[in-house]
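Engineer: Once you've had a glance at the structure underneath, I'll fire off some questions.
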Amino acid sequence: MGRPRNFEPDAVVDRAMDAFWTHGYANTSPAALAEATGIGKGSLYHSFGSKRQLFQRALARYDELGKALAEEILARPGTTRERIGAFLRGLVDTDLDHPHRRGCLAVNTATEFGTDDPEISRAVQIMQEHVVSALEERIARGRRDGDIGADTDPRTYAEYLMNTIAGLRVMAKTYDRPGLYRIIDTALTTL
């Protein structure tokens, strides 16, 4: 009979997510995962399968957290521009306030894997689509509320903002806060 688990699986996935986010998939060794999670390699792989399976769970967790954050911030009271601005500034602040400027796990994964791995590419597309959908819903609400012009296409503008987010997350690795905020302010002037 095997020993019972002495860890919380969600906490392990969160710690693995942080390791992959900081170092990338290729640069996160099994030993680094064991160290990051506090679980021996054998137990880690027995519980979560391969490194790739753990990475896929980490991506799913990142998606879950990102979707919830976007929906929560965008649903707060305020105009559409205020809510989208708060969301974008919050992403930048999170990136800049972390000890390692690591950007976005989805963007990092897209650049690391490109189109070489259709399954991982699809996971990144799903993450992006969740954010685009949350932005699209907020922009559509802004049109109904009258704080966004009726000629603004919610889907098209949400996709534009997703592109802005990806750029901000890359630039946050080397750029300063005032410069990133200027980019956000410029993006919001077109809304």
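Here, A, B, ... name the chains of the structure tokens in the order displayed, residue numbers run from 1 inside each chain, and ligands are numbered from 1 in the same displayed order.
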If we count only C-alpha atoms, what is near segment 23-37 of chain A at a cut-off of 10 Å, once residues fewer than 4 positions away on the same chain are taken out, given as a ChimeraX atom specification?
Structural biologist: /A:7,9,11-19,41-45,50-52,54-55,100,102,105,108-109,112-113
Engineer: Quick check for you: according to DSSP on this backbone, which residues of segment 9-177 of chain A are classed as helix (DSSP H, G or I)? Reply as a ChimeraX atom specification.
Structural biologist: /A:9-23,30-37,41-48,51-75,80-97,105-113,118-145,154-171,177
Engineer: Could you check the closest approach to His98 of chain A for each of A:Thr189, A:Val131, A:Glu137, A:Ala172 and tell me which residue wins, using only C-alpha atoms?
Structural biologist: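 The answer is A:Ala172, which sits nearest to His98 of chain A.
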Engineer: For Ala158 of chain A, which residue out of A:Pro118, A:Cys104, A:Thr80, A:Ala123 is the nearest one, using only C-alpha atoms?
Structural biologist: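 For Ala158 of chain A, the nearest of the given residues is A:Thr80.
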Engineer: Just checking: using only C-alpha atoms, which residue out of A:Ala140, A:Leu88, A:Arg155, A:Leu135 ends up closest to Ile183 of chain A?
Structural biologist: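 So, comparing all the options, the nearest one is A:Leu88.
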Engineer: I'd like to know which of A:Ile39, A:Gly114, A:Glu129, A:Asp10 is closest to Asp63 of chain A, using only C-alpha atoms.
Structural biologist: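 Looking at the shortest contact to Asp63 of chain A, the residue is A:Glu129.
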Engineer: My list of candidates is A:Thr94, A:Thr79, A:Thr174, A:Thr164. Which is closest to Ile139 of chain A when distances are computed with only C-alpha atoms?
Structural biologist: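 Closest residue, counting only C-alpha atoms: A:Thr79.
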Engineer: Return the single residue from A:Arg144, A:Gly103, A:Glu159, A:Gly85 that is closest to Asp185 of chain A, with distances computed using only C-alpha atoms.
Structural biologist: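 Residue with the minimum atom-to-atom distance to Asp185 of chain A: A:Gly85.
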Engineer: Between atom CA of Arg61 of chain A and atom CA of Leu188 of chain A, what is the distance, to one decimal in Å?
Structural biologist: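 Between atom CA of Arg61 of chain A and atom CA of Leu188 of chain A the gap works out to 29.1 Å.
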Engineer: Which neighbours of segment 76-78 of chain A fall inside 12 Å, counting only C-alpha atoms, when residues of the same chain fewer than 6 positions from it are skipped, and could you give them as a PDB file with all heavy atoms, in the first residue's frame?
Structural biologist:
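Here's the written file result_26.pdb:
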```
ATOM      1  N   LEU A  69      -9.579  37.130 -12.545  1.00  0.00           N
ATOM      2  CA  LEU A  69      -9.091  38.484 -12.285  1.00  0.00           C
ATOM      3  C   LEU A  69      -9.686  39.473 -13.284  1.00  0.00           C
ATOM      4  O   LEU A  69     -10.182  40.535 -12.897  1.00  0.00           O
ATOM      5  CB  LEU A  69      -7.561  38.528 -12.356  1.00  0.00           C
ATOM      6  CG  LEU A  69      -6.939  39.908 -12.171  1.00  0.00           C
ATOM      7  CD1 LEU A  69      -7.105  40.381 -10.733  1.00  0.00           C
ATOM      8  CD2 LEU A  69      -5.471  39.872 -12.559  1.00  0.00           C
ATOM      9  N   ALA A  70      -9.643  39.135 -14.565  1.00  0.00           N
ATOM     10  CA  ALA A  70     -10.188  40.025 -15.593  1.00  0.00           C
ATOM     11  C   ALA A  70     -11.674  40.283 -15.346  1.00  0.00           C
ATOM     12  O   ALA A  70     -12.121  41.433 -15.361  1.00  0.00           O
ATOM     13  CB  ALA A  70      -9.971  39.425 -16.983  1.00  0.00           C
ATOM     14  N   ILE A  84     -11.111  49.256 -17.753  1.00  0.00           N
ATOM     15  CA  ILE A  84     -10.066  48.671 -18.593  1.00  0.00           C
ATOM     16  C   ILE A  84      -8.710  49.250 -18.202  1.00  0.00           C
ATOM     17  O   ILE A  84      -7.716  48.520 -18.108  1.00  0.00           O
ATOM     18  CB  ILE A  84     -10.375  48.873 -20.088  1.00  0.00           C
ATOM     19  CG1 ILE A  84     -11.589  48.017 -20.472  1.00  0.00           C
ATOM     20  CG2 ILE A  84      -9.162  48.524 -20.954  1.00  0.00           C
ATOM     21  CD1 ILE A  84     -12.100  48.233 -21.886  1.00  0.00           C
ATOM     22  N   GLY A  85      -8.660  50.546 -17.927  1.00  0.00           N
ATOM     23  CA  GLY A  85      -7.406  51.159 -17.476  1.00  0.00           C
ATOM     24  C   GLY A  85      -6.914  50.534 -16.188  1.00  0.00           C
ATOM     25  O   GLY A  85      -5.720  50.245 -16.033  1.00  0.00           O
ATOM     26  N   ALA A  86      -7.819  50.300 -15.249  1.00  0.00           N
ATOM     27  CA  ALA A  86      -7.432  49.669 -13.977  1.00  0.00           C
ATOM     28  C   ALA A  86      -6.917  48.255 -14.214  1.00  0.00           C
ATOM     29  O   ALA A  86      -5.938  47.828 -13.582  1.00  0.00           O
ATOM     30  CB  ALA A  86      -8.623  49.653 -13.020  1.00  0.00           C
ATOM     31  N   PHE A  87      -7.554  47.543 -15.110  1.00  0.00           N
ATOM     32  CA  PHE A  87      -7.115  46.179 -15.420  1.00  0.00           C
ATOM     33  C   PHE A  87      -5.707  46.191 -16.022  1.00  0.00           C
ATOM     34  O   PHE A  87      -4.826  45.458 -15.572  1.00  0.00           O
ATOM     35  CB  PHE A  87      -8.113  45.515 -16.373  1.00  0.00           C
ATOM     36  CG  PHE A  87      -7.728  44.137 -16.818  1.00  0.00           C
ATOM     37  CD1 PHE A  87      -7.492  43.123 -15.901  1.00  0.00           C
ATOM     38  CD2 PHE A  87      -7.602  43.844 -18.165  1.00  0.00           C
ATOM     39  CE1 PHE A  87      -7.139  41.848 -16.316  1.00  0.00           C
ATOM     40  CE2 PHE A  87      -7.262  42.570 -18.591  1.00  0.00           C
ATOM     41  CZ  PHE A  87      -7.023  41.571 -17.669  1.00  0.00           C
ATOM     42  N   ARG A 138     -17.212  43.779 -21.404  1.00  0.00           N
ATOM     43  CA  ARG A 138     -17.166  45.102 -20.746  1.00  0.00           C
ATOM     44  C   ARG A 138     -17.369  46.224 -21.751  1.00  0.00           C
ATOM     45  O   ARG A 138     -18.040  47.219 -21.462  1.00  0.00           O
ATOM     46  CB  ARG A 138     -15.831  45.285 -20.008  1.00  0.00           C
ATOM     47  CG  ARG A 138     -15.790  46.575 -19.179  1.00  0.00           C
ATOM     48  CD  ARG A 138     -16.897  46.528 -18.125  1.00  0.00           C
ATOM     49  NE  ARG A 138     -16.935  47.695 -17.301  1.00  0.00           N
ATOM     50  CZ  ARG A 138     -17.749  48.741 -17.491  1.00  0.00           C
ATOM     51  NH1 ARG A 138     -18.571  48.776 -18.513  1.00  0.00           N
ATOM     52  NH2 ARG A 138     -17.752  49.751 -16.648  1.00  0.00           N
ATOM     53  N   ARG A 141     -20.989  46.333 -22.662  1.00  0.00           N
ATOM     54  CA  ARG A 141     -21.708  46.983 -21.557  1.00  0.00           C
ATOM     55  C   ARG A 141     -21.540  48.497 -21.645  1.00  0.00           C
ATOM     56  O   ARG A 141     -22.487  49.252 -21.432  1.00  0.00           O
ATOM     57  CB  ARG A 141     -21.187  46.462 -20.220  1.00  0.00           C
ATOM     58  CG  ARG A 141     -21.809  47.114 -19.015  1.00  0.00           C
ATOM     59  CD  ARG A 141     -21.265  46.501 -17.743  1.00  0.00           C
ATOM     60  NE  ARG A 141     -21.417  47.415 -16.635  1.00  0.00           N
ATOM     61  CZ  ARG A 141     -20.838  47.265 -15.454  1.00  0.00           C
ATOM     62  NH1 ARG A 141     -20.087  46.216 -15.216  1.00  0.00           N
ATOM     63  NH2 ARG A 141     -21.031  48.143 -14.507  1.00  0.00           N
ATOM     64  N   GLY A 142     -20.323  48.950 -21.947  1.00  0.00           N
ATOM     65  CA  GLY A 142     -20.069  50.380 -22.104  1.00  0.00           C
ATOM     66  C   GLY A 142     -20.892  50.993 -23.226  1.00  0.00           C
ATOM     67  O   GLY A 142     -21.370  52.122 -23.100  1.00  0.00           O
ATOM     68  N   ASP A 145     -24.358  51.290 -21.818  1.00  0.00           N
ATOM     69  CA  ASP A 145     -24.411  52.350 -20.814  1.00  0.00           C
ATOM     70  C   ASP A 145     -24.186  53.739 -21.405  1.00  0.00           C
ATOM     71  O   ASP A 145     -24.404  54.738 -20.716  1.00  0.00           O
ATOM     72  CB  ASP A 145     -23.366  52.103 -19.710  1.00  0.00           C
ATOM     73  CG  ASP A 145     -23.657  50.866 -18.872  1.00  0.00           C
ATOM     74  OD1 ASP A 145     -24.765  50.312 -18.970  1.00  0.00           O
ATOM     75  OD2 ASP A 145     -22.749  50.446 -18.125  1.00  0.00           O
ATOM     76  N   ASP A 147     -21.193  54.975 -22.353  1.00  0.00           N
ATOM     77  CA  ASP A 147     -19.878  55.581 -22.123  1.00  0.00           C
ATOM     78  C   ASP A 147     -18.858  55.165 -23.185  1.00  0.00           C
ATOM     79  O   ASP A 147     -17.708  55.596 -23.154  1.00  0.00           O
ATOM     80  CB  ASP A 147     -19.358  55.331 -20.697  1.00  0.00           C
ATOM     81  CG  ASP A 147     -19.037  53.878 -20.374  1.00  0.00           C
ATOM     82  OD1 ASP A 147     -18.519  53.171 -21.239  1.00  0.00           O
ATOM     83  OD2 ASP A 147     -19.285  53.469 -19.225  1.00  0.00           O
TER      84      ASP A 147
END
```
Engineer: Residues near Asp97 of chain A, anyone? I mean within 12 Å using only C-alpha atoms, not counting same-chain ones fewer than 5 positions away, as a list in words.
Structural biologist: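 Within the cut-off, the hits are Arg89, Gly90, Leu91, Val92, Arg102, Gly103, Ala172, Lys173, Asp176 and Arg177 of chain A.
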